[in-house]
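> Below is final16.cif; it holds mmCIF, C-alpha atoms.
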data_my_file
#
loop_
_atom_site.label_atom_id
_atom_site.label_comp_id
_atom_site.auth_asym_id
_atom_site.auth_seq_id
_atom_site.Cartn_x
_atom_site.Cartn_y
_atom_site.Cartn_z
CA MET A 1 -30.32 -5.69 11.10
CA TYR A 2 -29.96 -3.51 14.20
CA ASN A 3 -31.35 -0.12 15.09
CA SER A 4 -28.95 2.75 15.66
CA ARG A 5 -29.22 2.47 19.43
CA ARG A 6 -28.09 -1.12 19.41
CA ARG A 7 -25.43 -0.59 16.76
CA ASP A 8 -23.39 1.71 18.97
CA GLN A 9 -23.15 -1.10 21.49
CA LEU A 10 -21.74 -3.59 19.02
CA ASP A 11 -18.00 -4.19 18.75
CA ASP A 12 -16.20 -3.58 15.48
CA GLU A 13 -16.25 -7.20 14.46
CA ALA A 14 -20.03 -7.46 14.83
CA LEU A 15 -20.50 -4.20 12.93
CA ILE A 16 -18.27 -5.42 10.13
CA ARG A 17 -20.23 -8.66 9.95
CA GLU A 18 -23.49 -6.73 9.71
CA ALA A 19 -22.08 -4.27 7.19
CA HIS A 20 -20.83 -7.18 5.09
CA ARG A 21 -24.38 -8.54 5.08
CA GLY A 22 -25.55 -5.27 3.58
CA ASP A 23 -26.48 -3.25 6.68
CA ALA A 24 -25.33 0.22 5.62
CA GLY A 25 -26.23 1.55 9.09
CA ALA A 26 -23.63 -0.75 10.65
CA PHE A 27 -20.99 0.62 8.30
CA GLU A 28 -22.11 4.15 9.11
CA GLU A 29 -21.50 3.41 12.81
CA LEU A 30 -18.02 2.10 11.96
CA VAL A 31 -17.27 5.25 10.01
CA ARG A 32 -18.49 7.34 12.93
CA ARG A 33 -15.98 5.61 15.19
CA TYR A 34 -13.00 6.14 12.93
CA GLN A 35 -13.82 9.21 10.85
CA GLU A 36 -11.60 11.47 12.94
CA ALA A 37 -8.58 9.20 12.54
CA ALA A 38 -9.31 8.79 8.82
CA PHE A 39 -9.67 12.52 8.22
CA ARG A 40 -6.58 13.39 10.25
CA ALA A 41 -4.49 10.78 8.46
CA ALA A 42 -5.50 12.27 5.12
CA TYR A 43 -4.85 15.80 6.40
CA LEU A 44 -1.35 14.89 7.58
CA VAL A 45 -0.48 13.73 4.07
CA LEU A 46 -2.37 16.29 2.02
CA HIS A 47 -2.14 19.40 4.28
CA ASP A 48 -5.50 20.58 2.99
CA ALA A 49 -8.89 20.12 4.69
CA GLU A 50 -11.01 19.92 1.52
CA GLU A 51 -8.75 17.43 -0.14
CA ALA A 52 -8.43 15.43 3.05
CA LYS A 53 -12.21 15.21 3.22
CA ASP A 54 -12.41 13.98 -0.38
CA ALA A 55 -9.63 11.45 0.17
CA ALA A 56 -11.20 10.15 3.38
CA GLN A 57 -14.60 9.84 1.68
CA ASP A 58 -13.16 7.95 -1.29
CA ALA A 59 -11.22 5.70 1.06
CA ILE A 60 -14.38 4.93 3.02
CA VAL A 61 -16.20 3.88 -0.13
CA LYS A 62 -13.24 1.68 -1.09
CA ALA A 63 -13.16 0.20 2.40
CA TYR A 64 -16.86 -0.65 2.19
CA ARG A 65 -16.36 -2.42 -1.11
CA ALA A 66 -13.31 -4.26 0.19
CA LEU A 67 -14.87 -5.36 3.49
CA GLY A 68 -14.80 -8.95 2.28
CA SER A 69 -11.01 -8.93 2.50
CA PHE A 70 -10.99 -7.80 6.14
CA ARG A 71 -10.05 -10.71 8.42
CA PRO A 72 -10.91 -10.10 12.09
CA ARG A 73 -10.46 -13.79 12.87
CA SER A 74 -6.82 -13.57 11.83
CA GLY A 75 -6.39 -10.89 14.50
CA GLN A 76 -6.75 -7.99 12.07
CA THR A 77 -8.14 -4.80 13.61
CA PHE A 78 -10.27 -2.28 11.79
CA ARG A 79 -8.52 1.03 12.51
CA PRO A 80 -5.15 0.19 10.89
CA TRP A 81 -6.93 -1.57 8.03
CA LEU A 82 -9.02 1.55 7.32
CA LEU A 83 -6.06 3.90 7.84
CA LYS A 84 -4.06 1.95 5.31
CA ILE A 85 -6.74 2.52 2.69
CA VAL A 86 -6.90 6.21 3.66
CA MET A 87 -3.11 6.56 3.47
CA ASN A 88 -2.96 4.84 0.08
CA GLU A 89 -5.71 7.08 -1.23
CA SER A 90 -4.00 10.21 0.12
CA LEU A 91 -0.56 9.22 -1.16
CA ASN A 92 -2.02 8.44 -4.59
CA ARG A 93 -3.54 11.92 -4.62
CA VAL A 94 -0.20 13.50 -3.76
CA LYS A 95 1.28 11.79 -6.80
CA SER A 96 -1.51 12.58 -9.20
CA ARG A 97 -1.19 15.22 -11.86
CA ASN A 98 -4.58 16.71 -10.97
CA ARG A 99 -3.46 17.24 -7.44
CA ARG A 100 -0.26 18.95 -8.49
CA ALA A 101 -2.30 21.30 -10.66
CA ALA A 102 -4.69 22.05 -7.78
CA VAL A 103 -1.78 22.74 -5.44
CA ALA A 104 -0.24 25.14 -7.97
CA GLU A 105 -3.60 26.87 -8.34
CA ARG A 106 -4.02 27.31 -4.60
CA ALA A 107 -0.45 28.55 -4.24
CA ALA A 108 -1.19 31.09 -6.98
CA ARG A 109 -4.21 32.25 -4.96
CA GLY A 110 -1.98 32.63 -1.91
CA GLN A 111 -3.57 29.73 -0.03
CA SER A 112 -1.20 27.91 2.28
CA LEU A 113 -0.86 24.15 2.15
CA GLU A 114 0.70 23.80 5.58
CA TRP A 115 -0.51 22.23 8.77
CA SER A 116 -1.95 24.75 11.17
CA LEU A 117 0.07 24.69 14.42
CA ASP A 118 -0.48 25.81 17.98
CA GLU A 119 2.66 27.83 18.60
CA THR A 120 2.21 27.78 22.34
CA VAL A 121 3.08 24.09 22.18
CA VAL A 122 5.99 24.16 19.78
CA ASP A 123 8.50 26.74 18.60
CA ARG A 124 7.50 27.86 15.10
CA GLU A 125 10.99 27.71 13.57
CA ARG A 126 11.79 24.37 15.14
CA ALA A 127 8.50 22.98 13.88
CA ARG A 128 9.21 24.27 10.37
CA LEU A 129 12.64 22.61 10.29
CA LEU A 130 11.33 19.35 11.65
CA ARG A 131 8.59 19.28 9.04
CA GLU A 132 11.12 19.92 6.30
CA ALA A 133 13.22 17.08 7.66
CA LEU A 134 10.17 14.80 7.66
CA GLU A 135 9.51 15.71 4.04
CA ALA A 136 13.03 14.55 3.17
CA LEU A 137 12.31 11.02 4.42
CA LYS A 138 11.10 8.22 2.21
CA GLU A 139 7.35 8.00 2.01
CA GLN A 140 7.17 4.79 4.04
CA GLU A 141 9.35 6.22 6.81
CA ARG A 142 7.30 9.41 6.99
CA VAL A 143 4.01 7.51 7.06
CA LEU A 144 5.30 5.31 9.88
CA ILE A 145 6.15 8.40 11.92
CA TYR A 146 2.72 9.92 11.22
CA LEU A 147 1.00 6.74 12.33
CA ARG A 148 3.03 6.34 15.51
CA TYR A 149 3.44 9.91 16.70
CA PHE A 150 0.53 11.79 15.18
CA LEU A 151 -2.19 9.15 15.07
CA SER A 152 -0.98 7.21 18.12
CA LEU A 153 -1.26 3.74 16.65
CA SER A 154 -0.06 1.06 19.04
CA GLU A 155 2.73 -1.31 18.05
CA HIS A 156 0.11 -4.02 17.62
CA GLU A 157 -1.86 -1.80 15.23
CA LEU A 158 1.29 -0.82 13.38
CA ALA A 159 2.17 -4.49 12.97
CA ASP A 160 -1.31 -4.99 11.53
CA TYR A 161 -0.88 -2.01 9.24
CA MET A 162 2.48 -3.14 7.94
CA GLY A 163 1.75 -6.85 7.92
CA CYS A 164 4.76 -7.69 10.06
CA ALA A 165 5.67 -8.80 13.59
CA GLN A 166 5.68 -6.27 16.43
CA GLY A 167 9.42 -6.69 16.78
CA THR A 168 9.80 -5.59 13.17
CA VAL A 169 7.71 -2.49 13.92
CA LYS A 170 10.21 -1.48 16.60
CA SER A 171 13.16 -1.93 14.29
CA ARG A 172 11.49 -0.06 11.41
CA LEU A 173 10.53 2.78 13.70
CA HIS A 174 14.06 2.95 14.98
CA ARG A 175 15.38 2.95 11.42
CA ALA A 176 12.99 5.77 10.49
CA LEU A 177 14.17 7.87 13.44
CA ALA A 178 17.80 7.12 12.62
CA LYS A 179 17.15 8.27 9.06
CA LEU A 180 15.49 11.42 10.37
CA ARG A 181 18.55 12.03 12.55
CA GLU A 182 20.76 11.68 9.47
CA VAL A 183 18.68 14.23 7.57
CA VAL A 184 18.69 16.60 10.52
CA ARG A 185 22.45 16.26 11.04
CA ASP A 186 23.09 17.01 7.38
CA SER A 187 20.59 19.79 6.78
CA PHE A 188 19.17 21.08 10.08
CA PRO A 189 21.86 20.53 12.73
CA GLY A 190 20.40 23.27 14.92
CA LEU A 191 17.49 20.96 15.71
CA LEU A 192 19.79 18.65 17.63
CA ALA A 193 20.97 21.42 19.94
CA GLU A 194 19.18 21.40 23.28
CA GLY A 195 17.07 24.28 24.54
CA VAL A 196 13.67 24.29 22.86
CA MET B 1 23.83 8.81 19.38
CA GLN B 2 20.88 7.93 21.55
CA GLY B 3 20.60 11.48 22.94
CA GLU B 4 19.87 12.85 19.47
CA ILE B 5 17.14 10.27 18.90
CA GLU B 6 15.60 11.30 22.20
CA ILE B 7 15.61 14.95 21.14
CA LEU B 8 13.87 14.04 17.88
CA ASP B 9 11.44 11.79 19.72
CA ARG B 10 10.53 14.64 22.08
CA ASP B 11 10.20 17.13 19.21
CA LEU B 12 7.95 14.78 17.25
CA VAL B 13 5.70 14.38 20.29
CA LEU B 14 5.52 18.17 20.64
CA LEU B 15 4.87 18.68 16.96
CA SER B 16 2.12 16.06 16.97
CA ARG B 17 0.43 17.83 19.89
CA ALA B 18 0.74 21.19 18.19
CA VAL B 19 -1.08 20.29 14.98
CA ARG B 20 -4.44 22.04 14.90
CA TYR B 21 -6.53 19.75 12.76
CA PRO B 22 -9.50 21.24 10.95
CA ALA B 23 -12.86 20.09 12.33
CA THR B 24 -13.56 16.54 11.24
CA PRO B 25 -16.34 16.50 8.64
CA ASN B 26 -19.26 14.22 9.35
CA LEU B 27 -18.24 11.44 7.02
CA ALA B 28 -20.58 8.97 8.69
CA ALA B 29 -23.62 11.04 7.76
CA ALA B 30 -22.46 11.16 4.14
CA ALA B 31 -21.63 7.44 4.02
CA PRO B 32 -25.07 6.10 2.95
CA GLU B 33 -25.20 8.49 0.00
CA LEU B 34 -21.61 7.75 -0.99
CA LEU B 35 -22.25 4.02 -0.93
CA ARG B 36 -25.23 4.40 -3.24
CA LYS B 37 -23.07 5.97 -5.94
CA PRO B 38 -22.36 3.56 -8.78
CA ARG B 39 -18.79 2.48 -9.34
CA LEU B 40 -16.94 4.52 -11.90
CA ALA B 41 -16.52 2.93 -15.26
CA PRO B 42 -12.94 2.66 -16.43
CA SER B 43 -11.77 6.01 -17.71
CA GLY B 44 -11.19 6.45 -21.40
CA LEU B 45 -7.47 6.53 -20.82
CA ARG B 46 -7.44 3.31 -18.85
CA ALA B 47 -9.74 1.53 -21.25
CA ALA B 48 -7.68 2.69 -24.21
CA ALA B 49 -4.47 1.60 -22.52
CA ALA B 50 -5.94 -1.83 -21.83
CA VAL B 51 -6.90 -2.20 -25.46
CA VAL B 52 -3.42 -1.12 -26.56
CA VAL B 53 -1.78 -3.65 -24.25
CA ALA B 54 -4.12 -6.42 -25.38
CA LEU B 55 -3.51 -5.62 -29.05
CA ALA B 56 0.23 -5.45 -28.49
CA ALA B 57 0.10 -8.88 -26.88
CA LEU B 58 -1.93 -10.29 -29.76
CA VAL B 59 0.32 -8.81 -32.41
CA ALA B 60 3.49 -9.77 -30.62
CA GLY B 61 2.54 -13.43 -30.33
CA VAL B 62 5.48 -15.17 -28.74
CA ALA B 63 7.81 -12.28 -29.33
CA VAL B 64 9.20 -9.83 -26.83
CA VAL B 65 6.51 -7.71 -25.17
CA ALA B 66 6.42 -4.05 -26.02
CA PRO B 67 5.75 -2.39 -22.66
CA ALA B 68 2.99 0.19 -22.43
CA ARG B 69 4.72 3.55 -22.19
CA GLU B 70 2.83 4.72 -19.12
CA ALA B 71 2.24 2.96 -15.84
CA VAL B 72 -1.49 2.91 -16.38
CA ALA B 73 -3.27 0.32 -14.28
CA ASP B 74 -5.58 -1.33 -16.76
CA LEU B 75 -8.72 -2.76 -15.25
CA PHE B 76 -9.07 -5.84 -17.41
CA ASP B 77 -5.88 -7.81 -16.95
CA LYS B 78 -4.47 -9.13 -13.71
CA ILE B 79 -0.92 -8.47 -14.88
CA ASN B 80 0.17 -5.03 -15.96
CA ILE B 81 3.55 -4.72 -17.71
CA PHE B 82 4.66 -1.17 -18.33
CA GLY B 83 7.76 0.73 -19.30
CA ILE B 84 9.66 3.02 -16.94
CA ASP B 85 12.57 5.32 -17.65
CA GLN B 86 14.54 4.10 -14.68
CA VAL B 87 14.06 1.59 -11.88
CA PRO B 88 13.64 3.67 -8.68
CA ARG B 89 16.84 3.36 -6.67
CA GLU B 90 15.25 4.09 -3.30
CA LEU B 91 13.06 0.99 -3.31
CA THR B 92 13.98 -2.10 -1.35
CA TYR B 93 14.91 -5.51 -2.71
CA GLU B 94 13.71 -7.05 0.52
CA ILE B 95 10.62 -9.25 0.55
CA GLU B 96 8.71 -8.01 3.56
CA GLY B 97 5.75 -9.52 5.33
CA ARG B 98 4.48 -11.23 8.45
CA GLU B 99 5.76 -14.77 8.98
CA VAL B 100 2.73 -17.04 9.23
CA THR B 101 1.69 -20.63 8.74
CA LEU B 102 0.26 -21.80 5.45
CA GLU B 103 -3.15 -22.05 7.16
CA VAL B 104 -3.08 -18.40 8.23
CA ALA B 105 -2.02 -17.40 4.72
CA ARG B 106 -4.92 -19.38 3.31
CA ASP B 107 -7.41 -17.63 5.60
CA ALA B 108 -6.02 -14.22 4.72
CA LEU B 109 -5.94 -14.86 0.99
CA GLY B 110 -9.32 -16.49 0.81
CA PHE B 111 -7.94 -19.31 -1.32
CA GLU B 112 -5.72 -22.34 -0.87
CA PRO B 113 -2.12 -21.43 -1.79
CA ALA B 114 -0.76 -23.82 -4.38
CA SER B 115 2.62 -25.51 -3.90
CA PRO B 116 4.94 -27.24 -6.36
CA ALA B 117 4.79 -31.00 -6.27
CA GLY B 118 7.30 -32.49 -3.83
CA ALA B 119 8.91 -29.18 -2.88
CA GLN B 120 10.06 -28.43 0.67
CA LEU B 121 8.46 -25.22 1.99
CA SER B 122 10.82 -23.36 4.33
CA ARG B 123 8.70 -20.36 5.34
CA VAL B 124 5.65 -18.27 4.46
CA LEU B 125 5.36 -14.49 4.59
CA LEU B 126 1.98 -12.82 4.42
CA GLN B 127 1.83 -9.39 2.79
CA GLU B 128 -1.32 -7.36 3.43
CA PHE B 129 -1.99 -4.04 1.75
CA GLY B 130 -5.61 -3.12 2.42
CA SER B 131 -7.73 -5.13 0.04
CA VAL B 132 -4.69 -6.77 -1.53
CA SER B 133 -3.14 -9.80 0.15
CA ALA B 134 -0.23 -11.89 -1.05
CA ALA B 135 1.63 -14.89 0.26
CA ALA B 136 5.35 -15.37 -0.38
CA LEU B 137 6.25 -19.04 -0.14
CA PHE B 138 9.97 -19.78 0.18
CA PHE B 139 11.25 -23.06 -1.18
CA ASP B 140 14.74 -24.50 -0.72
CA PRO B 141 14.94 -27.65 -2.84
CA ALA B 142 17.78 -30.04 -2.10
CA ASN B 143 18.69 -30.38 -5.76
CA GLY B 144 18.40 -26.84 -7.07
CA PRO B 145 18.42 -23.13 -6.25
CA GLY B 146 15.94 -21.69 -3.79
CA TYR B 147 13.08 -19.57 -5.07
CA VAL B 148 10.02 -17.67 -3.87
CA LEU B 149 6.51 -18.32 -5.09
CA PHE B 150 4.12 -15.36 -4.69
CA GLU B 151 0.38 -15.82 -4.84
CA THR B 152 -2.06 -12.90 -4.65
CA ASN B 153 -5.67 -11.88 -5.07
CA GLY B 154 -4.55 -8.46 -6.36
CA ARG B 155 -3.28 -7.22 -9.67
CA VAL B 156 0.46 -7.16 -10.15
CA GLY B 157 2.30 -4.43 -12.00
CA LYS B 158 5.78 -4.93 -13.42
CA GLY B 159 7.76 -1.87 -14.44
CA ILE B 160 10.60 -2.65 -16.79
CA PRO B 161 13.12 -0.19 -18.19
CA THR B 162 11.81 0.93 -21.57
CA GLY B 163 13.72 -0.61 -24.43
CA GLY B 164 15.19 -3.25 -22.17
CA GLU B 165 13.36 -6.05 -23.97
CA GLN B 166 13.29 -8.16 -20.87
CA ALA B 167 9.66 -9.30 -20.86
CA GLU B 168 8.72 -12.28 -22.97
CA LEU B 169 5.26 -13.72 -23.46
CA VAL B 170 4.98 -17.33 -22.35
CA GLU B 171 2.30 -19.44 -23.98
CA GLY B 172 0.26 -22.22 -22.47
CA LEU B 173 0.43 -21.11 -18.85
CA GLY B 174 -2.78 -19.74 -17.32
CA ALA B 175 -4.66 -16.80 -18.80
CA GLU B 176 -1.50 -14.75 -19.45
CA ALA B 177 2.12 -15.36 -18.58
CA TYR B 178 5.44 -13.54 -18.94
CA TRP B 179 9.09 -14.31 -18.35
CA LEU B 180 11.09 -11.34 -17.05
CA THR B 181 14.81 -10.96 -16.57
CA GLY B 182 16.96 -8.15 -15.21
CA LEU B 183 16.23 -5.40 -12.71
CA HIS B 184 12.59 -4.39 -12.59
CA LEU B 185 9.92 -2.83 -10.39
CA VAL B 186 7.17 -4.88 -8.74
CA GLN B 187 3.99 -3.42 -7.32
CA TYR B 188 0.50 -4.50 -6.40
CA GLN B 189 -2.61 -2.78 -7.61
CA ASN B 190 -5.99 -3.03 -5.93
CA VAL B 191 -9.29 -3.92 -7.53
CA TYR B 192 -9.78 -0.33 -8.61
CA GLY B 193 -6.46 -0.31 -10.42
CA ASP B 194 -4.83 1.97 -7.86
CA VAL B 195 -1.17 1.32 -7.24
CA VAL B 196 -0.46 0.22 -3.67
CA TYR B 197 2.66 2.30 -3.17
CA GLU B 198 3.69 0.53 0.01
CA SER B 199 3.99 -2.71 -1.89
CA ARG B 200 6.59 -1.40 -4.34
CA ARG B 201 9.98 -3.09 -4.43
CA VAL B 202 12.60 -4.00 -6.99
CA THR B 203 14.03 -7.33 -7.94
CA ASP B 204 16.82 -8.49 -10.17
CA GLN B 205 15.73 -12.11 -9.97
CA ASN B 206 14.45 -13.96 -13.00
CA THR B 207 10.68 -13.98 -12.76
CA LEU B 208 7.88 -16.03 -14.22
CA ILE B 209 4.51 -14.37 -13.70
CA TRP B 210 1.14 -15.73 -14.73
CA SER B 211 -2.54 -15.42 -13.87
CA ARG B 212 -4.93 -18.28 -13.38
CA ASP B 213 -8.51 -18.39 -12.08
CA GLY B 214 -8.41 -14.73 -11.15
CA PHE B 215 -5.22 -14.98 -9.06
CA VAL B 216 -1.69 -13.95 -9.95
CA TYR B 217 1.29 -16.20 -9.31
CA ARG B 218 4.94 -15.44 -9.77
CA ILE B 219 8.18 -17.25 -9.16
CA GLU B 220 11.32 -15.25 -8.37
CA GLY B 221 14.70 -16.89 -8.23
CA PRO B 222 17.95 -17.74 -10.01
CA LEU B 223 16.11 -20.15 -12.29
CA GLU B 224 16.14 -20.80 -16.01
CA LYS B 225 12.88 -20.20 -17.81
CA GLU B 226 12.26 -23.90 -18.48
CA ASP B 227 12.78 -24.76 -14.79
CA ALA B 228 10.41 -21.99 -13.67
CA VAL B 229 7.75 -23.12 -16.14
CA ALA B 230 8.15 -26.72 -14.94
CA ILE B 231 7.63 -25.58 -11.34
CA ALA B 232 4.57 -23.53 -12.38
CA GLU B 233 3.07 -26.49 -14.19
CA SER B 234 3.58 -28.71 -11.16
CA LEU B 235 1.58 -26.47 -8.81
CA ARG B 236 -1.12 -28.30 -6.90
#
What does the file become when written as structure tokens?


Amino acid sequence: MYNSRRRDQLDDEALIREAHRGDAGAFEELVRRYQEAAFRAAYLVLHDAEEAKDAAQDAIVKAYRALGSFRPRSGQTFRPWLLKIVMNESLNRVKSRNRRAAVAERAARGQSLEWSLDETVVDRERARLLREALEALKEQERVLIYLRYFLSLSEHELADYMGCAQGTVKSRLHRALAKLREVVRDSFPGLLAEGV
Amino acid sequence: MQGEIEILDRDLVLLSRAVRYPATPNLAAAAPELLRKPRLAPSGLRAAAAVVVALAALVAGVAVVAPAREAVADLFDKINIFGIDQVPRELTYEIEGREVTLEVARDALGFEPASPAGAQLSRVLLQEFGSVSAAALFFDPANGPGYVLFETNGRVGKGIPTGGEQAELVEGLGAEAYWLTGLHLVQYQNVYGDVVYESRRVTDQNTLIWSRDGFVYRIEGPLEKEDAVAIAESLR
């Protein structure tokens, strides 16, 4: 067991080893390192802070209980492994009946389930169209774009996440963008005109 | 056209920078309390569904399996056969995964993958979905059709079109075994019964699926049932 001062000096692999031995403090340190990524991943999918918090919390509990399946010696890294659990949890919530009921209830109360955007960075209308186009993609394509563009996962981490070679990551990312281009051409052609 | 991809690439970068995320809650501080919470018992619905499936299997004997009407992930069986109205068209037929050696697959799975006696292994793909790992072993025998043997530590769900009567109980192979023909959905489920959506695909290959010692095995390929069972029985 380590005290909190020493834990923050340990690398992920050592923390995972300690957490696996039952040191809840080591797992707490791991969560501290990746809680922002976990929460943001859930928020990207669920568009709602409260629900994102619940999803991230549930995913963290599941991750703790599944630590035995994490394989750092096979080159696996913790962030994509955790984000995969978070994404699965969030996507499951999107599909659940309870969630649909909650969304309807919030809509009835006039609460928006949209990302909040800084409109000094991006044109509001352009952002709206691009988000609609993203929603038209298949779930796996959309998640890949979230992971790469919004959560800045490296190709190595994406390969870990998807369980494939880095070369495959490139081709899948290219396919996802090509699909997005198709959607945009068909439904939002104005997005492809220059002059943001 | 490449120029259009570049425009989308630039817009995605801008959009990603523009998202104003709510403040991240202190999940780390809540972690110790969360981890102390007991695991949830199976819900009434799941438990009831498991009982229904088990009873259906008992009553059916060697007959055709009546699929559970809903895709409920029961928590007792490693194999979950359920009925669906339609096989989702958007899912891939492709078997995806990271090409690895048998040794790497063994380390990832936490158990020694079994192979049919005397068969020539051509490649191994490792599929990892959080807590669920699976190995897909490709065999190309000289004297018969090629097939893929999947081995996983997770639960496996099979969605078959309702009324299709394409799942048959197979006796004498592991804890439970089924022979499936025709187009159907395949998905993994984790230890909590949650569907791993990223693992979903469809196959129209004949499939023998069985569980043994807590693991699930399945053979996909253009095989007859007797040949698939013979391969399964020869696993070492």

> For chain A against chain B, which residues fall within 6 Å using all atoms listed in the file, given as a list in words?

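Result, ordered by chain then number: Glu28, Val31, Arg32, Glu36, Ala66, Ser69, Trp81, Ile85, Ser116, Leu117, Asp118, Val121, Phe150, Gly163, Cys164 and Ala165 of chain A.
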
> Report the residues retrieved by the PyMOL selection byres ((chain B and resi 88) around 12) from the displayed file, expressed as a count of residues only.

20

> In Å, with one decimal, what is the gap from atom CA of Leu180 of chain A to atom CA of Leu192 of chain A?

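Taking atom CA of Leu180 of chain A and atom CA of Leu192 of chain A, their separation equals 11.1 Å.
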
> For the point (-4.6, -9.1, -7.8) in the file's frame, write as a PyMOL selection string all residues with an atom no more than 10 Å away, counting all atoms listed in the file.

chain B and resi 77-79+131-134+151-157+188-191+193+211+214-217

> Run the PyMOL selection byres ((chain A and resi 56) around 9) against the file shown and list the residues it catches, as a PDB file with C-alpha atoms, keeping the file's coordinate frame.


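part13.pdb, written as the output of this step:
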ATOM      1  CA  GLN A  35     -13.820   9.210  10.850  1.00  0.00           C
ATOM      2  CA  ALA A  38      -9.310   8.790   8.820  1.00  0.00           C
ATOM      3  CA  PHE A  39      -9.670  12.520   8.220  1.00  0.00           C
ATOM      4  CA  ARG A  40      -6.580  13.390  10.250  1.00  0.00           C
ATOM      5  CA  ALA A  41      -4.490  10.780   8.460  1.00  0.00           C
ATOM      6  CA  ALA A  42      -5.500  12.270   5.120  1.00  0.00           C
ATOM      7  CA  GLU A  51      -8.750  17.430  -0.140  1.00  0.00           C
ATOM      8  CA  ALA A  52      -8.430  15.430   3.050  1.00  0.00           C
ATOM      9  CA  LYS A  53     -12.210  15.210   3.220  1.00  0.00           C
ATOM     10  CA  ASP A  54     -12.410  13.980  -0.380  1.00  0.00           C
ATOM     11  CA  ALA A  55      -9.630  11.450   0.170  1.00  0.00           C
ATOM     12  CA  GLN A  57     -14.600   9.840   1.680  1.00  0.00           C
ATOM     13  CA  ASP A  58     -13.160   7.950  -1.290  1.00  0.00           C
ATOM     14  CA  ALA A  59     -11.220   5.700   1.060  1.00  0.00           C
ATOM     15  CA  ILE A  60     -14.380   4.930   3.020  1.00  0.00           C
ATOM     16  CA  VAL A  61     -16.200   3.880  -0.130  1.00  0.00           C
ATOM     17  CA  ILE A  85      -6.740   2.520   2.690  1.00  0.00           C
ATOM     18  CA  VAL A  86      -6.900   6.210   3.660  1.00  0.00           C
ATOM     19  CA  MET A  87      -3.110   6.560   3.470  1.00  0.00           C
ATOM     20  CA  GLU A  89      -5.710   7.080  -1.230  1.00  0.00           C
ATOM     21  CA  SER A  90      -4.000  10.210   0.120  1.00  0.00           C
TER      22      SER A  90
ATOM     23  CA  LEU B  27     -18.240  11.440   7.020  1.00  0.00           C
TER      24      LEU B  27
END

> Rounded to one decimal place, report the atom CA of Gly174 of chain B-atom CA of Lys62 of chain A distance in Å.

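Going from atom CA of Gly174 of chain B over to atom CA of Lys62 of chain A covers 28.8 Å.
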
> Please enclose the listed atoms of segment 140-158 of chain A in an axis-aligned box, pad each side by 8 Å, and write out the centre and the three edge lengths in Å, rounded to one decimal, as AutoDock Vina command-line options.


--center_x 3.6 --center_y 3.9 --center_z 11.5 --size_x 27.5 --size_y 31.8 --size_z 31.0

> Might you spell out which residues the PyMOL selection byres ((chain A and resi 127-141) around 8) would select in the displayed file, as a ChimeraX atom specification?

/A:122-126,142-145,173,176,179-180,183-184,187-188,191 /B:11-12,15,198

> Could you pull out every residue with an atom within 6 Å of (3.1, -0.9, -15.5), file coordinates, counting only C-alpha atoms, and send them as a PyMOL selection string?

chain B and resi 71+80-82+157-159

> Generate a file of the selected residues that holds C-alpha atoms, formatted as an mmCIF file, in the frame of the given file.


data_model
loop_
_atom_site.group_PDB
_atom_site.id
_atom_site.type_symbol
_atom_site.label_atom_id
_atom_site.label_comp_id
_atom_site.auth_asym_id
_atom_site.auth_seq_id
_atom_site.Cartn_x
_atom_site.Cartn_y
_atom_site.Cartn_z
ATOM 1 C CA ALA B 71 2.240 2.960 -15.840
ATOM 2 C CA ASN B 80 0.170 -5.030 -15.960
ATOM 3 C CA ILE B 81 3.550 -4.720 -17.710
ATOM 4 C CA PHE B 82 4.660 -1.170 -18.330
ATOM 5 C CA GLY B 157 2.300 -4.430 -12.000
ATOM 6 C CA LYS B 158 5.780 -4.930 -13.420
ATOM 7 C CA GLY B 159 7.760 -1.870 -14.440
#

> How many Å lie between atom CA of Glu13 of chain A and atom CA of Glu29 of chain A, rounded to one decimal?

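Distance between the two atoms: 12.0 Å.
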